[in-house]
Amino acid sequence: MSLLGGIRPPIAALSALLLALAALTAFQLGRVADGAVPPAVLTSQQYFAEDGAIALRASLDESITDIGRTASGLSSGEPVSPDAVLDKLGSVYRKWRGTAVVEIRSGRLEAQQGENLPLTALDLTTLNAASGLAPRLVRLENGETRLLTLALLSWPDRPQQLLIASSSLNVPAVSLGKSRAIAVLDASGQVLDSDGIGNSDREKKQLKKFAKTVAQKAGQHPLQAKEPGSGGFAGVSGSLLGDSSAGHRSVAGYAKLTGSEPGVDTEATALGLTVVSFVGVAEDQRSAAVGSFFWITAAGALLVLGALAVALLITTVQRPLIRLFLESRRIGRGDLTRPVTVPKYGEAARIGASLDRLRRQRLGEIADDTEIRRARRRSRGGSRALIAMSGTLLLVWSAPLLLTLNRAGTSVAVPPSIVDDQRERTDTLADRVRRALNEGHADLTSLATFISPTTTPAEMTKILERTRNQHGRYTSLYILKADGTVTARAGGKPRHPSGKGPSQEPVTLLDVGNQPVITEYAAVPALGGAAVVGELHLDFVNAMLKRPGLGEVRVVDAKHRVIGANNGYLSLQKLPDSKLDALVTSVNEKNNPDGKKDGQGRPRSTLLRDGDVSIAAAAPMAGGGVADPLNWTVVTWQAAKGLEIPAYTSQNRTVLAGLLGLTGAAACLGWLHIIVVRPLRALAERAETLANGDLRTVLYPTHHDEVGAVTRSLEVIRHQLLDQRKQDATDAGNSQVPTSTRPAGRN
């Protein structure tokens, strides 16, 4: 018989599958992880560190670009004194602790402002090297770290000068909340700066342990440090579990500075810095006895129901078919003395009754109507009904797991640290957008200082083109005079209202055909009432909002209209939920702790338990600068069921167990139906036709299995009946020959 054919393999496969699923349910799906911190908490800390790394990289790159753009702009004009260079730099950007101009040939200090710079750390003879002007970190005697940024000042017929700016390497501008700590590490794991570290020795020791581990992990290649296809952050990042104390465990996330795209490095990423943040979270000390009991009970129920289903198939389908196979072979060999043992029901009963009628025909007997009616009564409830009963038994186990059991519900407990992280990350995102708008306006202000009354429109256009190429945030840059005319332009067509002069607000939102246009204005002192106008790409804002682990992100204006988002949205439309509107309103209520209305809005987060549970947070874009009067708000929300927390993990595993049971049962029972039941039903019809006297139809076996063997035996019996009929006809013919035709015998 065929190795994979017949009735035994499907039933054996079903038995093995049910045993494997029961073991998987009891020992794997129900296994409780060793750690008491949900994986979602670890992932959230990793995302937080990635946000910090992105913010730090953007800040450093912006500062480096500002120095280079200022030096390039000054070098393209008339020579100015070193003091004028520093004055111009300090009047626009107020981010450096000290600045200086050094003549490269002699090494003489030409001018200096702010704190003394560690000029001895610079080797002026190596500036011509490939990385001679790259920013560098310098460790001071007091342990503080300074970032030195360099740029060349070149004018014809004058010695080259080096513009140097010194800034503190601070932790990234992210919202830490109440108990979080953050630090910046160099490539060796040395802590360059930190914030949120208390005076306790435990926190300091914990930071040292994390720093040592992170330094080793940060040295990996990003392709080796991540799972294939994980996407998200382009650099090395991850999470760590720290020490446990008094029911709280330190959980850290780390991320190495990397470019916005894989393989694209920047000046800041070349510094080899890594951001690490950690926070203490409450460990889940609940006993796993209830959860384990559920899974063990489910496995036991599967064993019981599976045993009943398999026993039903063996006793009502497999054994009768094997008995038929033996009986048909006996009748085919000519053993007609014993009656056929006819099964009680189903197609096997029909075939057995037909086989016994064929045995009687071989013996010359004729079956009466009572035997035919008895055979028909036995055929009620075929093999399909028996398989359906077995499937129903297995469905009794799978359906509740798929639909009802172990559901998280709306009362699911979401770890408070995840809710807090949603708030802090939303606040960090709002601050990042605000800083980007402020930096954009500062760039326009710096650009305006290079325009004088003698600057021609062609020269203005060249300056605008250079600035637009250095910054991809602008769709259009132009000089707008007080009477509303455009003197010079770079980029797309201006969308400022025609005939109107520059706005008095440094940043405005224009509604142009139901499309928001973020426009920034910086006055040009030399042109009296004119301004440099920059129209920002909406994609520039939207790109900052694309951070994993926050769900849906929206930037809304004071009227709660959507300005930007991290995925598909309709511009200037309302938020999709009134509860989100209420949350935005609440965070913009400028209340002091004592309840007075003269305070500042604060970020908030909450759990929305309307239908599915969602985590929502909102943060006002507050903190100073030209973007502050916009009264914009960043709001985020995500479904809690997408988080890897115990309640949803258990629910997902329950559904998985139900799907495995349903799929396995359907596969094995479907296999049994196709290979055995369908051919068996066809064989029952042909056996009854043969027993009713149709000896002309040839019976061909479909498969080389038990059903095929019974078919071959019936074909042998058909031939035997044909031979018997021929022999009977011959005997009848011989008995009718006349006596007169016989030859006379001798006397």
# chains A, B, ... in the order shown; residues from 1 in each chain; ligands from 1

call {"tool": "residues_around", "arguments": {"residues": "A:Ser81", "least_positions_apart": "2", "cutoff": "10 Å", "atoms": "only C-alpha atoms", "output": "mmCIF file with all heavy atoms, in the first residue's frame"}}
result
data_model
loop_
_atom_site.group_PDB
_atom_site.id
_atom_site.type_symbol
_atom_site.label_atom_id
_atom_site.label_comp_id
_atom_site.auth_asym_id
_atom_site.auth_seq_id
_atom_site.Cartn_x
_atom_site.Cartn_y
_atom_site.Cartn_z
ATOM 1 N N PRO A 79 36.345 91.739 2.821
ATOM 2 C CA PRO A 79 37.040 91.354 4.054
ATOM 3 C C PRO A 79 36.563 92.171 5.246
ATOM 4 O O PRO A 79 36.272 93.369 5.131
ATOM 5 C CB PRO A 79 38.517 91.646 3.736
ATOM 6 C CG PRO A 79 38.598 91.626 2.244
ATOM 7 C CD PRO A 79 37.277 92.160 1.757
ATOM 8 N N ASP A 83 37.222 90.798 14.835
ATOM 9 C CA ASP A 83 36.209 91.152 15.830
ATOM 10 C C ASP A 83 34.831 91.252 15.194
ATOM 11 O O ASP A 83 33.825 90.850 15.802
ATOM 12 C CB ASP A 83 36.580 92.479 16.502
ATOM 13 C CG ASP A 83 37.756 92.335 17.448
ATOM 14 O OD1 ASP A 83 37.820 91.287 18.119
ATOM 15 O OD2 ASP A 83 38.599 93.239 17.484
ATOM 16 N N ALA A 84 34.755 91.783 13.962
ATOM 17 C CA ALA A 84 33.471 91.877 13.269
ATOM 18 C C ALA A 84 32.925 90.491 12.949
ATOM 19 O O ALA A 84 31.705 90.270 12.985
ATOM 20 C CB ALA A 84 33.634 92.709 11.994
ATOM 21 N N VAL A 85 33.813 89.561 12.630
ATOM 22 C CA VAL A 85 33.379 88.184 12.369
ATOM 23 C C VAL A 85 32.702 87.603 13.606
ATOM 24 O O VAL A 85 31.609 87.024 13.542
ATOM 25 C CB VAL A 85 34.574 87.313 11.940
ATOM 26 C CG1 VAL A 85 34.160 85.845 11.885
ATOM 27 C CG2 VAL A 85 35.108 87.760 10.592
ATOM 28 N N LEU A 86 33.345 87.773 14.759
ATOM 29 C CA LEU A 86 32.787 87.207 15.990
ATOM 30 C C LEU A 86 31.514 87.929 16.403
ATOM 31 O O LEU A 86 30.582 87.307 16.937
ATOM 32 C CB LEU A 86 33.829 87.269 17.106
ATOM 33 C CG LEU A 86 35.143 86.508 16.841
ATOM 34 C CD1 LEU A 86 36.048 86.556 18.065
ATOM 35 C CD2 LEU A 86 34.872 85.062 16.444
ATOM 36 N N ASP A 87 31.468 89.235 16.172
ATOM 37 C CA ASP A 87 30.245 89.975 16.497
ATOM 38 C C ASP A 87 29.074 89.498 15.649
ATOM 39 O O ASP A 87 27.958 89.329 16.153
ATOM 40 C CB ASP A 87 30.471 91.478 16.279
ATOM 41 C CG ASP A 87 31.403 92.085 17.314
ATOM 42 O OD1 ASP A 87 31.557 91.466 18.387
ATOM 43 O OD2 ASP A 87 31.985 93.151 17.039
ATOM 44 N N VAL A 101 39.237 83.727 16.413
ATOM 45 C CA VAL A 101 39.780 83.736 15.059
ATOM 46 C C VAL A 101 41.293 83.671 15.177
ATOM 47 O O VAL A 101 41.913 84.479 15.894
ATOM 48 C CB VAL A 101 39.356 84.998 14.277
ATOM 49 C CG1 VAL A 101 40.034 85.030 12.907
ATOM 50 C CG2 VAL A 101 37.844 85.044 14.121
ATOM 51 N N GLU A 110 43.826 86.262 16.692
ATOM 52 C CA GLU A 110 43.409 87.560 16.188
ATOM 53 C C GLU A 110 42.289 88.178 17.022
ATOM 54 O O GLU A 110 42.253 89.392 17.219
ATOM 55 C CB GLU A 110 42.940 87.434 14.735
ATOM 56 C CG GLU A 110 43.992 86.932 13.779
ATOM 57 C CD GLU A 110 45.031 88.002 13.468
ATOM 58 O OE1 GLU A 110 44.797 89.181 13.794
ATOM 59 O OE2 GLU A 110 46.091 87.659 12.906
ATOM 60 N N ALA A 111 41.365 87.358 17.473
ATOM 61 C CA ALA A 111 40.232 87.875 18.262
ATOM 62 C C ALA A 111 39.628 86.719 19.048
ATOM 63 O O ALA A 111 39.740 85.539 18.659
ATOM 64 C CB ALA A 111 39.187 88.521 17.360
#

call {"tool": "residues_around", "arguments": {"residues": "A:Lys574", "least_positions_apart": "2", "cutoff": "8 Å", "atoms": "only C-alpha atoms", "output": "VMD selection string"}}
result
chain A and resid 560 to 562 572 576

call {"tool": "atom_distance", "arguments": {"atom1": "atom CA of A:Leu17", "atom2": "atom CA of A:Leu393"}}
result
15.0 Å

call {"tool": "atom_distance", "arguments": {"atom1": "atom CA of A:Thr454", "atom2": "atom CA of A:Leu74"}}
result
15.6 Å

call {"tool": "atom_distance", "arguments": {"atom1": "atom CA of A:Gln727", "atom2": "atom CA of A:Ser713"}}
result
20.8 Å

call {"tool": "residues_around", "arguments": {"residues": "A:Thr120", "least_positions_apart": "3", "cutoff": "12 Å", "atoms": "only C-alpha atoms", "output": "JSON, numbers by chain"}}
result
{"A": [102, 107, 108, 109, 116, 117, 123, 124, 138, 139, 140, 148]}

call {"tool": "closest_residue", "arguments": {"among": "A:Pro620, A:Ser390, A:Asn406, A:Ala490", "to": "A:Ala307", "atoms": "only C-alpha atoms"}}
result
A:Ser390

call {"tool": "select_by_dssp", "arguments": {"residues": "stretch 109-308 of chain A", "states": "alpha helix (DSSP H)", "output": "ChimeraX atom specification"}}
result
/A:201-218,222-225,289-308
